[in-house]
Every structure is written in structure tokens, then in C-alpha cells.
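*Asks:* Okay, so here is protein-v1.cif, and as you'll see once you scroll down, it has mmCIF, C-alpha atoms and all ligand atoms.
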data_start
loop_
_atom_site.label_atom_id
_atom_site.label_comp_id
_atom_site.auth_asym_id
_atom_site.auth_seq_id
_atom_site.Cartn_x
_atom_site.Cartn_y
_atom_site.Cartn_z
CA MET A 1492 0.00 0.00 0.00
CA PHE A 1493 1.30 3.45 -0.92
CA THR A 1494 1.98 5.36 2.30
CA SER A 1495 3.33 8.78 1.36
CA PHE A 1496 6.49 10.08 -0.16
CA SER A 1497 7.59 13.68 -0.06
CA LEU A 1498 10.89 15.32 -0.92
CA ALA A 1499 9.94 18.91 -1.63
CA ASN A 1500 12.48 21.25 -3.19
CA LEU A 1501 13.60 23.31 -0.22
CA LYS A 1502 15.63 26.47 -0.60
CA MET A 1503 18.30 27.05 2.02
CA PRO A 1504 17.16 30.11 4.01
CA GLU A 1505 19.63 32.93 3.43
CA GLN A 1506 20.19 33.64 7.12
CA LEU A 1507 21.76 30.17 7.41
CA GLU A 1508 24.65 31.27 5.22
CA GLN A 1509 25.98 33.23 8.20
CA LEU A 1510 26.00 30.04 10.27
CA ARG A 1511 27.73 28.21 7.40
CA ASP A 1512 30.45 30.90 7.37
CA GLU A 1513 30.80 30.59 11.13
CA VAL A 1514 31.37 26.82 10.89
CA ARG A 1515 33.80 27.26 7.99
CA SER A 1516 35.92 29.78 9.86
CA PHE A 1517 35.97 27.53 12.95
CA LEU A 1518 37.16 24.66 10.75
CA ARG A 1519 39.75 26.80 8.97
CA ALA A 1520 41.18 27.96 12.30
CA GLU A 1521 41.25 24.43 13.76
CA TYR A 1522 42.87 23.04 10.63
CA ALA A 1523 45.48 25.80 10.62
CA ALA A 1524 46.19 25.08 14.29
CA GLY A 1525 46.80 21.42 13.39
CA SER A 1526 43.92 20.09 15.49
CA TYR A 1527 42.83 17.73 12.70
CA THR A 1528 43.90 16.40 9.31
CA ARG A 1529 41.44 16.16 6.42
CA ASP A 1530 40.27 12.66 5.84
CA PRO A 1531 37.66 11.27 3.45
CA ALA A 1532 36.33 9.13 6.31
CA GLY A 1533 36.33 11.94 8.91
CA TRP A 1534 32.94 10.74 10.06
CA ASP A 1535 34.77 7.60 11.15
CA ARG A 1536 37.47 9.29 13.22
CA TYR A 1537 37.04 9.50 16.96
CA ASP A 1538 38.53 12.55 18.62
CA PRO A 1539 37.04 13.51 22.01
CA ASP A 1540 39.09 16.76 22.13
CA PHE A 1541 37.70 17.89 18.80
CA THR A 1542 34.20 16.88 19.92
CA ARG A 1543 34.54 19.09 23.03
CA LYS A 1544 35.45 22.02 20.79
CA VAL A 1545 32.37 21.39 18.63
CA ALA A 1546 30.30 21.20 21.85
CA ALA A 1547 31.73 24.50 23.07
CA ARG A 1548 30.39 26.15 19.90
CA GLY A 1549 26.90 24.86 20.70
CA TRP A 1550 26.84 22.41 17.79
CA ILE A 1551 25.84 19.24 19.67
CA GLY A 1552 22.21 18.75 20.69
CA MET A 1553 21.39 21.79 18.57
CA THR A 1554 17.67 21.04 18.24
CA TRP A 1555 17.09 19.73 21.78
CA PRO A 1556 15.18 21.63 24.50
CA ARG A 1557 17.15 24.05 26.70
CA ALA A 1558 15.83 22.20 29.76
CA TYR A 1559 18.20 19.35 28.84
CA GLY A 1560 21.16 21.50 27.82
CA GLY A 1561 20.11 21.76 24.17
CA HIS A 1562 20.12 24.88 22.03
CA GLU A 1563 16.58 24.89 20.57
CA ARG A 1564 17.77 25.58 17.06
CA THR A 1565 16.19 24.14 13.92
CA SER A 1566 16.97 20.91 12.05
CA LEU A 1567 18.02 23.08 9.10
CA GLU A 1568 20.62 24.82 11.25
CA ARG A 1569 21.84 21.42 12.44
CA TYR A 1570 21.95 20.30 8.83
CA VAL A 1571 24.23 23.20 7.85
CA VAL A 1572 26.63 22.47 10.71
CA THR A 1573 26.84 18.71 10.08
CA GLU A 1574 27.27 19.18 6.34
CA GLU A 1575 30.20 21.57 6.85
CA LEU A 1576 31.90 19.34 9.44
CA LEU A 1577 31.66 16.34 7.14
CA ALA A 1578 32.70 18.20 3.99
CA ALA A 1579 35.84 19.34 5.82
CA GLY A 1580 36.64 15.74 6.86
CA ALA A 1581 36.65 16.77 10.52
CA PRO A 1582 36.86 13.97 13.16
CA VAL A 1583 33.31 13.99 14.49
CA ARG A 1584 32.56 10.36 15.23
CA ALA A 1585 32.84 10.57 19.04
CA HIS A 1586 29.62 12.56 19.42
CA TRP A 1587 27.88 11.58 16.19
CA LEU A 1588 25.66 8.72 17.33
CA ALA A 1589 24.54 10.38 20.53
CA ASP A 1590 23.75 13.62 18.70
CA ARG A 1591 22.12 12.00 15.69
CA GLN A 1592 19.95 9.27 17.17
CA PHE A 1593 20.39 8.48 20.88
CA GLY A 1594 19.40 12.00 21.98
CA PRO A 1595 16.30 12.09 19.73
CA LEU A 1596 15.41 8.57 20.96
CA LEU A 1597 15.54 9.69 24.61
CA LEU A 1598 13.54 12.82 23.79
CA ALA A 1599 10.86 10.68 22.14
CA ALA A 1600 10.77 7.68 24.49
CA GLY A 1601 13.11 8.18 27.47
CA SER A 1602 12.10 8.90 31.06
CA GLU A 1603 12.46 12.38 32.53
CA GLU A 1604 15.34 11.11 34.67
CA GLN A 1605 17.13 9.64 31.64
CA LYS A 1606 16.79 12.91 29.72
CA ARG A 1607 18.15 14.93 32.66
CA THR A 1608 21.00 12.47 33.26
CA TYR A 1609 22.33 11.93 29.74
CA LEU A 1610 21.34 14.78 27.44
CA PRO A 1611 23.34 17.58 29.15
CA ARG A 1612 26.45 15.36 29.20
CA ILE A 1613 26.04 14.60 25.49
CA VAL A 1614 25.59 18.31 24.68
CA ALA A 1615 28.82 19.05 26.58
CA GLY A 1616 30.69 16.48 24.45
CA GLU A 1617 31.36 14.28 27.47
CA CYS A 1618 29.17 11.23 26.90
CA PHE A 1619 29.64 8.96 23.89
CA VAL A 1620 27.22 6.24 22.85
CA CYS A 1621 27.34 3.14 20.63
CA VAL A 1622 24.52 1.03 19.23
CA GLY A 1623 24.18 -2.69 19.99
CA MET A 1624 21.70 -4.04 17.50
CA SER A 1625 23.49 -6.52 15.20
CA GLU A 1626 24.44 -10.03 16.33
CA PRO A 1627 26.07 -13.01 14.64
CA ASP A 1628 23.30 -14.29 12.28
CA SER A 1629 21.15 -11.26 12.99
CA GLY A 1630 21.74 -8.04 11.08
CA SER A 1631 19.12 -7.20 8.48
CA ASP A 1632 16.59 -9.39 10.27
CA LEU A 1633 16.86 -7.59 13.56
CA ALA A 1634 13.77 -9.29 14.99
CA SER A 1635 15.77 -12.53 15.13
CA ILE A 1636 18.18 -11.26 17.84
CA ARG A 1637 18.98 -13.74 20.61
CA THR A 1638 20.50 -11.51 23.29
CA LYS A 1639 18.21 -12.32 26.19
CA ALA A 1640 17.11 -10.17 29.10
CA THR A 1641 15.64 -12.18 31.99
CA ARG A 1642 13.50 -10.51 34.66
CA VAL A 1643 15.17 -10.41 38.11
CA ASP A 1644 14.59 -8.41 41.26
CA GLY A 1645 14.98 -4.70 40.43
CA GLY A 1646 15.92 -5.16 36.80
CA TRP A 1647 17.17 -7.58 34.17
CA ARG A 1648 20.03 -10.07 33.67
CA ILE A 1649 21.32 -9.87 30.12
CA SER A 1650 23.36 -12.45 28.21
CA GLY A 1651 24.26 -12.53 24.53
CA ARG A 1652 26.68 -11.42 21.86
CA LYS A 1653 26.68 -8.24 19.77
CA VAL A 1654 28.84 -7.79 16.70
CA TRP A 1655 30.05 -4.96 14.44
CA THR A 1656 29.49 -2.54 17.34
CA SER A 1657 31.21 0.63 16.14
CA TYR A 1658 33.42 2.30 18.75
CA ALA A 1659 32.15 0.24 21.72
CA HIS A 1660 35.77 0.32 22.92
CA LYS A 1661 35.62 4.11 23.24
CA ALA A 1662 32.00 4.82 24.13
CA HIS A 1663 30.62 5.23 27.65
CA LEU A 1664 27.15 3.80 26.94
CA MET A 1665 25.49 1.30 24.67
CA ASN A 1666 21.96 1.59 23.38
CA LEU A 1667 21.32 -2.15 23.65
CA PHE A 1668 18.61 -4.05 21.84
CA ALA A 1669 17.63 -7.27 23.69
CA ARG A 1670 14.80 -9.76 23.74
CA THR A 1671 12.65 -9.51 26.87
CA ALA A 1672 10.03 -12.05 25.74
CA PRO A 1673 10.38 -15.27 23.74
CA PHE A 1674 10.33 -15.02 19.96
CA ASP A 1675 6.77 -15.23 18.60
CA LYS A 1676 6.66 -16.18 14.92
CA ASN A 1677 3.18 -14.65 14.60
CA ASP A 1678 4.42 -11.29 15.90
CA ARG A 1679 8.15 -11.24 15.15
CA HIS A 1680 8.61 -7.64 16.25
CA ALA A 1681 7.10 -7.99 19.69
CA GLY A 1682 9.13 -8.59 22.85
CA VAL A 1683 12.28 -6.56 22.14
CA THR A 1684 13.40 -3.78 24.46
CA GLN A 1685 16.02 -1.03 24.42
CA PHE A 1686 18.36 -0.55 27.40
CA ILE A 1687 21.02 2.00 28.37
CA VAL A 1688 24.08 0.04 29.44
CA ASP A 1689 27.33 1.38 30.96
CA LEU A 1690 30.11 -0.34 29.05
CA ASP A 1691 32.33 -0.72 32.14
CA TRP A 1692 29.80 -2.84 34.03
CA PRO A 1693 30.91 -6.32 35.19
CA GLY A 1694 30.16 -9.13 32.74
CA ILE A 1695 30.83 -7.10 29.56
CA THR A 1696 33.76 -8.08 27.32
CA ILE A 1697 34.67 -5.92 24.32
CA SER A 1698 36.99 -7.40 21.67
CA PRO A 1699 38.24 -5.63 18.55
CA ILE A 1700 37.33 -6.51 14.97
CA ILE A 1701 39.83 -5.00 12.53
CA ASN A 1702 38.31 -3.62 9.33
CA LEU A 1703 39.54 -3.86 5.73
CA ALA A 1704 41.61 -0.67 6.11
CA GLY A 1705 43.43 -2.16 9.12
CA ASP A 1706 41.63 0.17 11.55
CA HIS A 1707 39.94 -0.80 14.79
CA ASP A 1708 36.49 0.75 14.48
CA PHE A 1709 34.05 -2.02 15.32
CA ASN A 1710 33.92 -4.74 17.98
CA GLU A 1711 32.36 -7.87 19.33
CA VAL A 1712 30.65 -7.23 22.68
CA VAL A 1713 29.74 -10.18 24.90
CA PHE A 1714 27.24 -9.88 27.77
CA ASP A 1715 27.52 -12.51 30.48
CA GLU A 1716 24.69 -12.23 33.01
CA VAL A 1717 25.00 -8.44 33.13
CA PHE A 1718 22.63 -6.82 35.63
CA VAL A 1719 20.75 -3.83 34.17
CA PRO A 1720 18.45 -1.95 36.58
CA ASP A 1721 14.86 -1.10 35.64
CA ASP A 1722 15.57 2.59 35.29
CA ARG A 1723 17.79 1.80 32.31
CA VAL A 1724 14.89 0.55 30.16
CA ILE A 1725 14.21 3.06 27.37
CA GLY A 1726 10.48 3.61 26.87
CA THR A 1727 8.23 0.61 27.31
CA VAL A 1728 9.33 -2.99 27.83
CA GLY A 1729 8.61 -4.93 24.62
CA ASN A 1730 8.16 -1.77 22.53
CA GLY A 1731 11.73 -1.56 21.19
CA TRP A 1732 10.74 -2.24 17.61
CA SER A 1733 8.40 0.70 17.17
CA GLN A 1734 10.82 2.98 19.04
CA ILE A 1735 13.63 2.01 16.71
CA SER A 1736 11.71 2.94 13.54
CA GLY A 1737 11.95 6.65 14.37
CA GLU A 1738 15.61 6.24 15.31
CA LEU A 1739 16.42 4.73 11.91
CA ALA A 1740 14.92 7.74 10.07
CA HIS A 1741 17.48 9.90 11.94
CA GLU A 1742 20.23 7.34 11.30
CA ARG A 1743 19.72 7.29 7.53
CA ALA A 1744 18.75 10.90 6.81
CA GLY A 1745 22.05 12.74 7.21
CA SER A 1746 24.74 13.91 4.82
CA GLU A 1747 27.19 11.37 6.35
CA ARG A 1748 25.54 8.96 3.89
CA TRP A 1749 26.99 10.75 0.86
CA LEU A 1750 29.90 12.93 2.04
CA ASN A 1751 32.36 10.16 2.91
CA ALA A 1752 34.47 10.50 -0.23
CA TYR A 1753 33.94 14.24 -0.75
CA GLY A 1754 37.61 14.99 0.01
CA VAL A 1755 38.60 12.73 -2.90
CA LEU A 1756 36.25 14.65 -5.22
CA VAL A 1757 37.84 17.96 -4.19
CA HIS A 1758 41.32 16.57 -4.85
CA LEU A 1759 40.14 15.10 -8.13
CA LEU A 1760 39.03 18.57 -9.25
CA ASP A 1761 42.39 20.03 -8.25
CA SER A 1762 44.36 17.23 -9.90
CA ALA A 1763 42.37 17.45 -13.15
CA GLY A 1764 43.68 21.03 -13.47
CA PRO A 1765 42.18 24.03 -15.30
CA ASN A 1766 41.95 22.29 -18.72
CA PRO A 1767 40.65 18.77 -18.13
CA ASP A 1768 40.01 16.55 -21.16
CA ARG A 1769 36.50 15.66 -22.24
CA GLY A 1770 36.49 12.33 -20.36
CA ALA A 1771 37.50 14.03 -17.10
CA LEU A 1772 34.90 16.76 -17.63
CA GLU A 1773 32.14 14.20 -18.08
CA GLU A 1774 33.17 12.17 -15.01
CA ILE A 1775 33.54 15.20 -12.73
CA GLY A 1776 30.42 16.87 -14.14
CA ARG A 1777 28.35 13.76 -13.40
CA LEU A 1778 29.69 13.55 -9.84
CA VAL A 1779 29.04 17.23 -9.12
CA THR A 1780 25.44 17.07 -10.38
CA HIS A 1781 24.85 14.01 -8.19
CA LEU A 1782 26.45 15.82 -5.25
CA TRP A 1783 24.10 18.76 -5.65
CA THR A 1784 21.06 16.51 -6.03
CA LEU A 1785 21.96 14.61 -2.85
CA HIS A 1786 22.52 17.89 -1.02
CA SER A 1787 19.03 19.05 -2.09
CA MET A 1788 17.41 15.75 -1.09
CA SER A 1789 19.16 15.69 2.28
CA LEU A 1790 18.17 19.30 2.93
CA SER A 1791 14.60 18.39 2.15
CA LEU A 1792 14.82 15.54 4.70
CA ALA A 1793 16.08 18.02 7.30
CA GLY A 1794 13.00 20.12 6.50
CA LEU A 1795 10.75 17.11 7.13
CA LEU A 1796 12.50 16.33 10.43
CA ASN A 1797 12.07 19.98 11.35
CA MET A 1798 8.30 19.59 10.97
CA GLY A 1799 8.36 16.59 13.32
CA ALA A 1800 7.90 14.01 10.54
CA MET A 1801 9.70 10.62 10.50
CA PRO A 1802 10.62 10.30 6.80
CA ALA A 1803 11.73 6.65 6.89
CA VAL A 1804 11.14 5.91 3.18
CA GLU A 1805 12.69 9.16 1.97
CA ALA A 1806 15.71 8.59 4.26
CA ALA A 1807 16.15 5.06 2.88
CA LEU A 1808 16.17 6.48 -0.66
CA VAL A 1809 18.77 9.14 0.13
CA LYS A 1810 20.95 6.61 1.94
CA ASP A 1811 20.83 4.17 -0.96
CA LEU A 1812 21.68 6.84 -3.57
CA GLY A 1813 24.29 8.35 -1.25
CA ASN A 1814 26.04 5.01 -0.69
CA GLN A 1815 26.28 4.59 -4.46
CA PHE A 1816 27.74 8.08 -4.79
CA ASP A 1817 30.35 7.41 -2.08
CA GLN A 1818 31.43 4.35 -4.05
CA ASP A 1819 31.37 6.12 -7.44
CA ILE A 1820 33.80 8.90 -6.44
CA PRO A 1821 36.92 6.76 -5.85
CA GLU A 1822 36.18 4.67 -8.94
CA ALA A 1823 35.85 7.82 -11.09
CA ALA A 1824 39.03 9.23 -9.52
CA ARG A 1825 40.93 6.11 -10.60
CA ARG A 1826 39.67 6.49 -14.16
CA VAL A 1827 40.42 10.22 -14.43
CA ILE A 1828 43.87 10.25 -12.81
CA SER A 1829 45.76 7.33 -14.31
CA GLU A 1830 47.92 5.04 -12.23
CA GLU A 1831 51.02 6.50 -13.92
CA ALA A 1832 49.93 10.07 -13.08
CA ARG A 1833 49.21 9.05 -9.49
CA ALA A 1834 52.64 7.43 -9.18
CA GLN A 1835 54.22 10.76 -10.10
CA LEU A 1836 52.43 12.80 -7.46
CA PRO A 1837 54.81 14.20 -4.82
CA GLU A 1838 54.84 12.26 -1.56
CA GLU A 1839 53.28 15.11 0.41
CA ASP A 1840 50.30 15.24 -1.97
CA PRO A 1841 47.43 13.61 0.00
CA PHE A 1842 45.51 12.43 -3.09
CA ASN A 1843 46.86 8.84 -3.14
CA SER A 1844 46.35 8.19 0.57
CA MET A 1845 42.86 9.71 0.43
CA LEU A 1846 41.96 7.57 -2.56
CA ASP A 1847 43.32 4.40 -0.93
CA ARG A 1848 41.35 5.06 2.22
CA ALA A 1849 38.16 5.87 0.32
CA LEU A 1850 38.49 2.64 -1.67
CA LEU A 1851 39.01 0.53 1.45
CA TYR A 1852 36.03 2.08 3.25
CA ALA A 1853 33.71 2.06 0.22
CA PRO A 1854 32.47 -1.55 0.58
CA SER A 1855 31.13 -0.83 4.08
CA TYR A 1856 28.82 2.04 3.08
CA PRO A 1857 25.94 0.00 1.65
CA ILE A 1858 26.07 -2.44 4.60
CA ARG A 1859 26.16 -0.23 7.69
CA GLY A 1860 22.86 1.35 8.73
CA GLY A 1861 20.86 -1.08 6.57
CA THR A 1862 21.95 -2.91 3.42
CA ARG A 1863 21.05 -1.79 -0.06
CA GLU A 1864 18.60 -4.68 -0.59
CA ILE A 1865 16.81 -3.95 2.69
CA LEU A 1866 16.57 -0.22 1.90
CA ARG A 1867 15.20 -0.92 -1.56
CA GLY A 1868 12.60 -3.22 0.00
CA ILE A 1869 11.55 -0.38 2.33
CA ILE A 1870 11.39 2.07 -0.58
CA ALA A 1871 9.36 -0.35 -2.72
CA ARG A 1872 6.91 -0.95 0.13
CA GLY A 1873 6.63 2.79 0.80
CA LEU A 1874 5.86 3.42 -2.86
CA GLY A 1875 3.23 0.68 -2.90
CA LEU A 1876 5.27 -1.57 -5.20
CA ARG A 1877 5.34 -4.65 -2.94
C1 LIG B 1 31.23 -0.35 9.08
C2 LIG B 1 30.08 -0.98 9.78
C3 LIG B 1 29.68 -0.49 11.01
C4 LIG B 1 28.61 -1.09 11.69
N1 LIG B 1 28.27 -0.60 12.91
C5 LIG B 1 27.27 -1.18 13.60
C6 LIG B 1 26.94 -0.73 14.92
O1 LIG B 1 27.55 0.20 15.43
N2 LIG B 1 25.96 -1.36 15.59
C7 LIG B 1 25.25 -2.39 15.05
O2 LIG B 1 24.35 -2.90 15.71
N3 LIG B 1 25.54 -2.87 13.79
C8 LIG B 1 26.54 -2.28 13.08
N4 LIG B 1 26.86 -2.75 11.82
C9 LIG B 1 26.17 -3.94 11.32
C10 LIG B 1 25.22 -3.67 10.17
O3 LIG B 1 24.09 -2.95 10.61
C11 LIG B 1 24.86 -5.03 9.59
O4 LIG B 1 26.04 -5.58 9.04
C12 LIG B 1 23.82 -4.94 8.52
O5 LIG B 1 22.58 -4.60 9.10
C13 LIG B 1 23.69 -6.24 7.71
O6 LIG B 1 23.53 -7.34 8.56
P1 LIG B 1 24.40 -8.67 8.37
O7 LIG B 1 25.83 -8.26 8.33
O8 LIG B 1 23.96 -9.65 9.39
O9 LIG B 1 24.05 -9.23 6.91
P2 LIG B 1 22.77 -10.08 6.51
O10 LIG B 1 21.56 -9.50 7.12
O11 LIG B 1 23.08 -11.52 6.76
O12 LIG B 1 22.72 -9.83 4.96
C14 LIG B 1 23.62 -10.49 4.04
C15 LIG B 1 23.17 -10.14 2.63
O13 LIG B 1 21.83 -10.64 2.40
C16 LIG B 1 20.98 -9.59 1.99
N5 LIG B 1 19.64 -9.76 2.57
C17 LIG B 1 19.35 -10.02 3.87
N6 LIG B 1 18.01 -10.08 4.04
C18 LIG B 1 17.45 -9.81 2.85
C19 LIG B 1 16.11 -9.70 2.40
N7 LIG B 1 15.07 -9.85 3.22
N8 LIG B 1 15.90 -9.40 1.09
C20 LIG B 1 16.94 -9.21 0.24
N9 LIG B 1 18.23 -9.32 0.61
C21 LIG B 1 18.50 -9.60 1.89
C22 LIG B 1 21.62 -8.32 2.52
O14 LIG B 1 21.24 -7.19 1.76
C23 LIG B 1 23.10 -8.63 2.37
O15 LIG B 1 23.53 -8.37 1.06
C24 LIG B 1 27.91 -2.17 11.11
C25 LIG B 1 28.31 -2.67 9.86
C26 LIG B 1 29.38 -2.08 9.20
C27 LIG B 1 29.78 -2.63 7.86
#
Let me see the file written as C-alpha cells.

*Replies:*
Amino acid sequence: MFTSFSLANLKMPEQLEQLRDEVRSFLRAEYAAGSYTRDPAGWDRYDPDFTRKVAARGWIGMTWPRAYGGHERTSLERYVVTEELLAAGAPVRAHWLADRQFGPLLLAAGSEEQKRTYLPRIVAGECFVCVGMSEPDSGSDLASIRTKATRVDGGWRISGRKVWTSYAHKAHLMNLFARTAPFDKNDRHAGVTQFIVDLDWPGITISPIINLAGDHDFNEVVFDEVFVPDDRVIGTVGNGWSQISGELAHERAGSERWLNAYGVLVHLLDSAGPNPDRGALEEIGRLVTHLWTLHSMSLSLAGLLNMGAMPAVEAALVKDLGNQFDQDIPEAARRVISEEARAQLPEEDPFNSMLDRALLYAPSYPIRGGTREILRGIIARGLGLR
């Protein structure tokens, strides 16, 4: 059945250009001071010091109520800030998950005490969060998770195994997805609950998984009879599935889904020089038109979030197109700048290392946050095609 689909053409309000300039001059100054290096996967670099500087500018929890430390600004303002941070390749990962989805989840479903405890710390850049959804044999089909929470006096005992948990080794908290009632094949989505877990509690073991680029970004996290008190349940016991739907709209809507290889595109433009040949013009022209289209679509999503909507289908579409774009940039860069030309670049030229890194990270984009096939299924259902 066709639900609704809306990506209106939204014009960036002019007054936001001032904010954009403000973010750009912050980034210029930080870069000049050597506080970060540009990286095509900046979204994937964890730097608590940089995060605290972003927090000090008021750019974490931007849309959240003042009562919880937030800044009560609009989703469009937040959009401008996040887009600039990502385009610059700044290391923003430490606060990203908490700012993007854990905070909005608590605002929508958390208790008053949870909001007062965690949101101000997140806004200050002092509380980092990871997400424990996926398990061995349970990624796309999240309803099949086996991590089990058993009712005990005053709370729950949790045992199970999470996998691919990004930055669990650096985060303070996990937003944990666990089964609080036995699996019911007639209602697969019932009986799962979200918990806030301190990652230094007894019974939790975090082991690294090294990714294709040789970096330690994700982990396996094992829970062995971990006690979680009742006040750490987010929302209603058994209601985790419907709570997570809103969270995923936030997870998939942002420009981090199509700005991962932007640094390579900028270098490609520079390397192609002022008189590129026709082939280079076509490749770069195609990429730039796609970039602008994705920017417009993402901005439109920010507009929908601003109105309080949960644009799950639209976000799935932007993520799918964005993942393709992130993979297209390094491939186009390899075609435009030949291997011989790349071999002659001076050692200090960052193009080769950026390209290598973008190529090694590219396969992960259409897997994390929902695979391409799953997203296309959501889009097809939303459009009434299945
Ligand atoms: C870099 C990275 C970071 C991640 N970080 C986190 C994290 O922080 N926290 C977390 O919980 N998870 C994280 N994940 C896990 C990620 O969410 C899962 O890998 C993803 O949901 C896919 O699950 P899976 O690996 O079990 O693959 P599967 O679900 O087994 O899928 C395997 C293949 O089958 C296809 N497939 C599956 N079901 C269907 C279907 N119904 N129809 C058509 N095709 C289908 C998929 O598209 C895929 O191609 C991360 C993954 C990556 C790559």
C-alpha cells in the first residue's frame, strides 16, 4: 500500500549562510592550528578533544530543549553544521551517534530522569554512545536477535553477543537491543526492548574486529549475566521495535551517507587542473550534479524532520543513492587520474592516501545502517510496489 512520499524542493534560508560561514571559519582555524587532518572518512574518526570544541560552539544537541542543555535551534541549522563538518573531513565520530539518534530517541521515548541524566552530558561532548543491534546471524533481520534479558529483582540479567558494534571500545554507553520475551513467529517484532548500558559494568567483554583498512572501528561485545536496573529501560518494555523505527529515520537521513568521499572529489578537481580533457569533464560533471542533487534531497529531509515528521522511506532512498555516490567517487578518480599520473604525485600530496582510504572504506557504506537490498525493500513498500 502506498503510504506517502515527499521530498519537496527546499531552498536554504539565506540567514543560514551566516552560520555556514561561522562553521567554515571555525574549521579553517582548527585546521590551521593542526587540530585535525582532512580525511575522506572523517565521520569515522574518533577525537574527544575535537568533539569538546564542537560542543563548546553549541553544535551538539542543537535542536534539543534548553531544559536538557540543548540549544533549541532548527533541524536546518543542524543540517548546515553537520554538512560543513563532514565536507571538511573533521573527526566527528565521538559525538555523532549520541547527537544524531540516541538523543532524539531519549527525547521521544526516554524517562524524565534519563533525559536529565544523559542529554546535558552529550551536549557538553562528554558522553559517547554506541549502538548494539546486530548479532552473529542477525543483522538485516533484527527481529531474530537472541541476546536475552531475563527478569530479576529490580531489573534484568542480560546475556548474549553483539557484533560490528562501532566504537564500543571508546564509548561510555550502549543503546542495547535485547529480547525480553520469547520469539513469537506470529508477531516477530514484539518482545524486544532497548536498554542504556554502561560499558564498564561487570560481565561485559569488548573485543576488537579489525576492518579492511586495518583500523579498529568495530567490535564484538559479549554480555555474560550483566545486571541492568529497571531505570535503564528506554520507553516501554517490549516496545523496542516501534521505538527504533523513528531512530532509523534519523540514522539514515544525514549527509554522512553521501559525504564520505567528498575529500577525494575535491582533490580530483584540483588534480584534473584548469583544462581537463572531455572524459574528465564528463566524469567530474556527473559527480558534481549528483552531489548537488543529494545535497538538495538531504536538505529536504532536514526540512521534514524539522516539521516533526519521520521520513523513513525518503531517508532510505537518500541513503541508498548516497552510498552509491560514495562508491562512485573513488572509482571515477581512478579512471580520471591514471595510475602512472598518481605514481608521479609528490609524496606530500594527499591524493593517493585519500583515494586508498576511500576505496578501502567504500564496501562498508551500503552495509552499515541497513543494506542496499533492505533499503530498496523499504522504498518499494513505501511506494506501494510490494
Ligand atoms: C562499518 C560498519 C559499522 C557497523 N556498525 C554497527 C553498529 O555500530 N551497531 C550495530 O548494531 N551494527 C553495526 N553494523 C552492522 C550492520 O548494521 C549489519 O552488518 C547490517 O545490518 C547487515 O547485517 P548482516 O551483516 O547480518 O548481513 P545479513 O543480514 O546476513 O545480509 C547479508 C546479505 O543478504 C541480503 N539480505 C538479507 N536479508 C534480505 C532480504 N530480506 N531481502 C533481500 N536481501 C536480503 C543483505 O542485503 C546482504 O547483502 C555495522 C556494519 C558495518 C559494515

*Asks:* Which residues of chain A come within 7 Å of ligand LIG 1 (chain B), and for each one, what is the closest pair of atoms and their distance in Å to one decimal, counting all atoms listed in the file, sorted by chain and residue number, as a tab-separated table?

*Replies:*
residue	atom	partner	partner_atom	distance
A:Cys1621	CA	B:LIG1	O1	6.0
A:Val1622	CA	B:LIG1	N2	4.6
A:Gly1623	CA	B:LIG1	O2	4.3
A:Met1624	CA	B:LIG1	O2	3.4
A:Ser1625	CA	B:LIG1	O2	3.8
A:Glu1626	CA	B:LIG1	O8	7.0
A:Pro1627	CA	B:LIG1	O8	6.6
A:Asp1628	CA	B:LIG1	O8	5.5
A:Ser1629	CA	B:LIG1	O8	4.8
A:Gly1630	CA	B:LIG1	O6	3.2
A:Ser1631	CA	B:LIG1	O10	3.6
A:Asp1632	CA	B:LIG1	O10	5.9
A:Val1654	CA	B:LIG1	N3	6.6
A:Trp1655	CA	B:LIG1	C8	4.6
A:Thr1656	CA	B:LIG1	O1	3.9
A:Ser1657	CA	B:LIG1	O1	3.8
A:Phe1709	CA	B:LIG1	C3	6.3
A:Ser1855	CA	B:LIG1	C27	4.4
A:Tyr1856	CA	B:LIG1	C27	6.8
A:Ile1858	CA	B:LIG1	C27	4.9
A:Arg1859	CA	B:LIG1	C25	3.9
A:Gly1860	CA	B:LIG1	O3	4.9
A:Gly1861	CA	B:LIG1	O5	4.7
A:Thr1862	CA	B:LIG1	O14	4.6
A:Arg1863	CA	B:LIG1	O14	5.7
A:Glu1864	CA	B:LIG1	O14	4.3
A:Ile1865	CA	B:LIG1	O14	5.6

*Asks:* Which residue out of A:His1586, A:Arg1777, A:Arg1557, A:His1660 has the minimum interatomic distance to Ser1698 in chain A when all atoms listed in the file are used?

*Replies:*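 Going through A:His1586, A:Arg1777, A:Arg1557, A:His1660 one by one, the smallest distance to Ser1698 in chain A is for A:His1660.
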
*Asks:* Which residue, A:Asp1840, A:Asp1590, A:Glu1831, A:Asp1689, has the smallest gap to Val1719 in chain A when you use all atoms listed in the file?

*Replies:*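 So, comparing all the options, the nearest one is A:Asp1689.
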
*Asks:* Fewer than 5 positions away in the same chain doesn't count, so skip those; otherwise give me all residues within 10 Å of Lys1810 in chain A, counting all atoms listed in the file, as a PyMOL selection string.

*Replies:* chain A and resi 1742-1749+1785+1789+1804-1805+1815-1816+1856-1857+1860-1863+1866

*Asks:* Between CA of Val1572 in chain A and CA of Gly1794 in chain A, what is the distance in Å, rounded to a tenth?

*Replies:*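 Calculated distance between CA of Val1572 in chain A and CA of Gly1794 in chain A is 14.5 Å.
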
*Asks:* Which polymer residues, protein or nucleic acid, are no farther than 9 Å from (14.4, 25.8, 17.3), counting all atoms listed in the file, as number ranges by chain?

*Replies:* A: 1553-1556, 1562-1566, 1568, 1797

*Asks:* Please produce range 1863-1874 of chain A, completed to N, CA and C atoms, as a short mmCIF file (atom, residue, chain, number, x, y, z; two decimals), in the frame of the given file.

*Replies:*
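And here is the file that came out, rebuild_30.cif:
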data_model
loop_
_atom_site.label_atom_id
_atom_site.label_comp_id
_atom_site.auth_asym_id
_atom_site.auth_seq_id
_atom_site.Cartn_x
_atom_site.Cartn_y
_atom_site.Cartn_z
N ARG A 1863 21.73 -2.31 1.13
CA ARG A 1863 21.05 -1.79 -0.06
C ARG A 1863 19.74 -2.54 -0.35
N GLU A 1864 19.79 -3.89 -0.25
CA GLU A 1864 18.60 -4.68 -0.59
C GLU A 1864 17.47 -4.37 0.39
N ILE A 1865 17.83 -4.24 1.67
CA ILE A 1865 16.81 -3.95 2.69
C ILE A 1865 16.21 -2.56 2.44
N LEU A 1866 17.07 -1.58 2.14
CA LEU A 1866 16.57 -0.22 1.90
C LEU A 1866 15.65 -0.20 0.69
N ARG A 1867 16.04 -0.93 -0.36
CA ARG A 1867 15.20 -0.92 -1.56
C ARG A 1867 13.86 -1.60 -1.29
N GLY A 1868 13.88 -2.60 -0.40
CA GLY A 1868 12.60 -3.22 0.00
C GLY A 1868 11.71 -2.20 0.72
N ILE A 1869 12.33 -1.40 1.60
CA ILE A 1869 11.55 -0.38 2.33
C ILE A 1869 10.99 0.66 1.35
N ILE A 1870 11.83 1.06 0.39
CA ILE A 1870 11.39 2.07 -0.58
C ILE A 1870 10.23 1.50 -1.41
N ALA A 1871 10.41 0.26 -1.88
CA ALA A 1871 9.36 -0.35 -2.72
C ALA A 1871 8.05 -0.44 -1.94
N ARG A 1872 8.14 -0.84 -0.67
CA ARG A 1872 6.91 -0.95 0.13
C ARG A 1872 6.28 0.43 0.31
N GLY A 1873 7.13 1.42 0.59
CA GLY A 1873 6.63 2.79 0.80
C GLY A 1873 5.96 3.34 -0.44
N LEU A 1874 6.43 2.92 -1.61
CA LEU A 1874 5.86 3.42 -2.86
C LEU A 1874 4.69 2.55 -3.34
#
